[in-house]
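So this one's final-v5.csv, CSV, C-alpha atoms:
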```
chain,number,residue,atom,x,y,z
A,14,MET,CA,-41.3,54.4,-57.0
A,15,PHE,CA,-40.4,51.6,-54.6
A,16,GLN,CA,-42.0,53.6,-51.8
A,17,ALA,CA,-45.4,53.3,-53.4
A,18,ILE,CA,-45.1,49.6,-54.0
A,19,VAL,CA,-45.2,48.6,-50.3
A,20,PRO,CA,-48.6,50.3,-49.4
A,21,VAL,CA,-50.2,49.0,-52.6
A,22,ALA,CA,-48.9,45.4,-52.0
A,23,LEU,CA,-50.1,45.6,-48.4
A,24,PHE,CA,-53.5,46.7,-49.5
A,25,PHE,CA,-53.8,43.8,-51.9
A,26,ILE,CA,-52.6,41.3,-49.3
A,27,VAL,CA,-55.2,42.5,-46.8
A,28,ALA,CA,-57.9,42.5,-49.4
A,29,TYR,CA,-57.0,38.9,-50.4
A,30,ILE,CA,-57.0,37.7,-46.8
A,31,ILE,CA,-60.5,39.3,-46.3
A,32,LYS,CA,-61.8,37.6,-49.4
A,33,ILE,CA,-60.5,34.2,-48.3
A,34,ILE,CA,-62.1,34.6,-44.9
A,35,SER,CA,-65.4,35.6,-46.3
A,36,ASP,CA,-65.5,32.9,-48.9
A,37,ASN,CA,-64.7,30.3,-46.2
A,38,ARG,CA,-67.6,31.6,-44.0
A,39,VAL,CA,-70.0,31.3,-46.9
A,40,ARG,CA,-68.9,27.8,-47.7
A,41,ARG,CA,-69.1,26.8,-44.1
A,42,LEU,CA,-72.7,28.2,-43.8
A,43,LEU,CA,-73.7,26.4,-47.0
A,44,ILE,CA,-72.3,23.1,-45.7
A,45,GLU,CA,-74.1,23.5,-42.4
A,46,LYS,CA,-77.4,24.2,-44.0
A,47,GLY,CA,-77.0,21.2,-46.3
A,48,GLN,CA,-77.3,23.2,-49.5
A,49,VAL,CA,-74.2,21.6,-51.0
A,50,GLU,CA,-73.8,18.3,-52.7
A,51,GLU,CA,-71.8,15.5,-51.0
A,52,ASN,CA,-68.9,15.5,-53.5
A,53,VAL,CA,-68.5,19.3,-53.1
A,54,LYS,CA,-68.4,18.8,-49.3
A,55,ASP,CA,-65.4,16.6,-49.7
A,56,VAL,CA,-63.6,19.1,-51.9
A,57,LEU,CA,-64.3,22.0,-49.5
A,58,GLN,CA,-63.4,20.2,-46.3
A,59,ALA,CA,-60.4,18.1,-47.3
A,60,PRO,CA,-57.3,20.3,-46.9
A,61,PRO,CA,-54.0,18.5,-46.8
A,62,SER,CA,-52.8,17.7,-43.3
A,63,HIS,CA,-50.2,20.0,-41.7
A,64,ARG,CA,-47.8,17.1,-41.5
A,65,GLN,CA,-47.8,16.5,-45.2
A,66,ASN,CA,-47.6,20.2,-46.0
A,67,SER,CA,-44.7,20.7,-43.7
A,68,PHE,CA,-42.9,17.7,-45.2
A,69,LYS,CA,-43.4,19.0,-48.7
A,70,TRP,CA,-42.0,22.4,-48.0
A,71,GLY,CA,-39.3,21.1,-45.8
A,72,LEU,CA,-38.2,18.8,-48.7
A,73,VAL,CA,-38.2,21.8,-51.1
A,74,ILE,CA,-36.2,24.0,-48.8
A,75,LEU,CA,-33.7,21.2,-48.1
A,76,THR,CA,-33.1,20.5,-51.8
A,77,ILE,CA,-32.8,24.2,-52.5
A,78,GLY,CA,-30.2,24.5,-49.8
A,79,VAL,CA,-28.2,21.5,-51.2
A,80,ALA,CA,-28.4,23.1,-54.6
A,81,LEU,CA,-27.1,26.4,-53.2
A,82,MET,CA,-24.2,24.7,-51.5
A,83,THR,CA,-23.2,22.5,-54.5
A,84,THR,CA,-23.4,25.3,-57.1
A,85,SER,CA,-21.2,27.9,-55.4
A,86,GLY,CA,-18.7,27.9,-58.2
A,87,LEU,CA,-21.2,28.4,-61.1
A,88,ASP,CA,-22.3,31.7,-62.5
A,89,ASP,CA,-25.7,33.2,-61.5
A,90,ASP,CA,-27.7,31.9,-64.4
A,91,MET,CA,-26.6,28.3,-63.9
A,92,ARG,CA,-27.1,28.6,-60.2
A,93,PHE,CA,-30.7,29.8,-60.6
A,94,GLY,CA,-31.4,27.0,-63.0
A,95,ALA,CA,-30.0,24.4,-60.6
A,96,ILE,CA,-32.2,25.8,-57.8
A,97,LEU,CA,-35.3,25.5,-59.9
A,98,ILE,CA,-34.4,22.0,-61.0
A,99,ALA,CA,-33.8,21.0,-57.4
A,100,ALA,CA,-37.1,22.4,-56.3
A,101,GLY,CA,-38.9,20.6,-59.1
A,102,ILE,CA,-37.2,17.3,-58.3
A,103,SER,CA,-38.2,17.6,-54.6
A,104,LEU,CA,-41.8,18.2,-55.5
A,105,VAL,CA,-41.8,15.1,-57.8
A,106,ILE,CA,-40.3,13.1,-54.9
A,107,TYR,CA,-43.0,14.4,-52.6
A,108,TYR,CA,-45.7,13.4,-55.0
A,109,PHE,CA,-44.5,9.8,-55.2
A,110,LEU,CA,-44.0,9.6,-51.5
A,111,ALA,CA,-47.4,11.1,-50.7
A,112,ASN,CA,-49.2,8.7,-53.1
A,113,ARG,CA,-47.3,5.7,-51.7
A,114,PHE,CA,-48.1,6.4,-48.0
A,115,SER,CA,-51.7,7.7,-48.4
```

Can you turn what I pasted into structure tokens?
Amino acid sequence: MFQAIVPVALFFIVAYIIKIISDNRVRRLLIEKGQVEENVKDVLQAPPSHRQNSFKWGLVILTIGVALMTTSGLDDDMRFGAILIAAGISLVIYYFLANRFS
């Protein structure tokens, strides 16, 4: 059964990547032709910077690592909960830091 999951998952991943690329091309063409309103242009062209995105996921991975190190004596259920709580706390910290410095 697991042997069939890999090709199916690979197919869906490739199909999703193709969909993202084609949607992006259509949006870009609409923007270049001026057929999109100004507020939609801002939404389509304002991805978060790589620095902020890297900081966010670095903070999440750091707190998950700290949670893994500090919960080594707990059972698996408690450890999983601590990891989720740590990841959530790091995302909240990122939210406040991003709003403060933007």

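CA of Asn37 in chain A to CA of Phe68 in chain A spans 25.2 Å [interatomic distance, one decimal].
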
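Between CA of Ala95 in chain A and CA of Ala80 in chain A lies a distance of 6.3 Å.
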
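CA of Ile77 in chain A sits 7.9 Å away from CA of Leu97 in chain A.
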
Can you tell me, as a PyMOL selection string, what residues are no more than 10 Å from Arg92 in chain A when counting all atoms listed in the file, ignoring any on the same chain fewer than 6 positions away? chain A and resi 80-86+98

Go through A:Leu23, A:Ile96, A:Ile33, A:Glu45 and flag the residue nearest Val79 in chain A, using all atoms listed in the file for the distances. A:Ile96
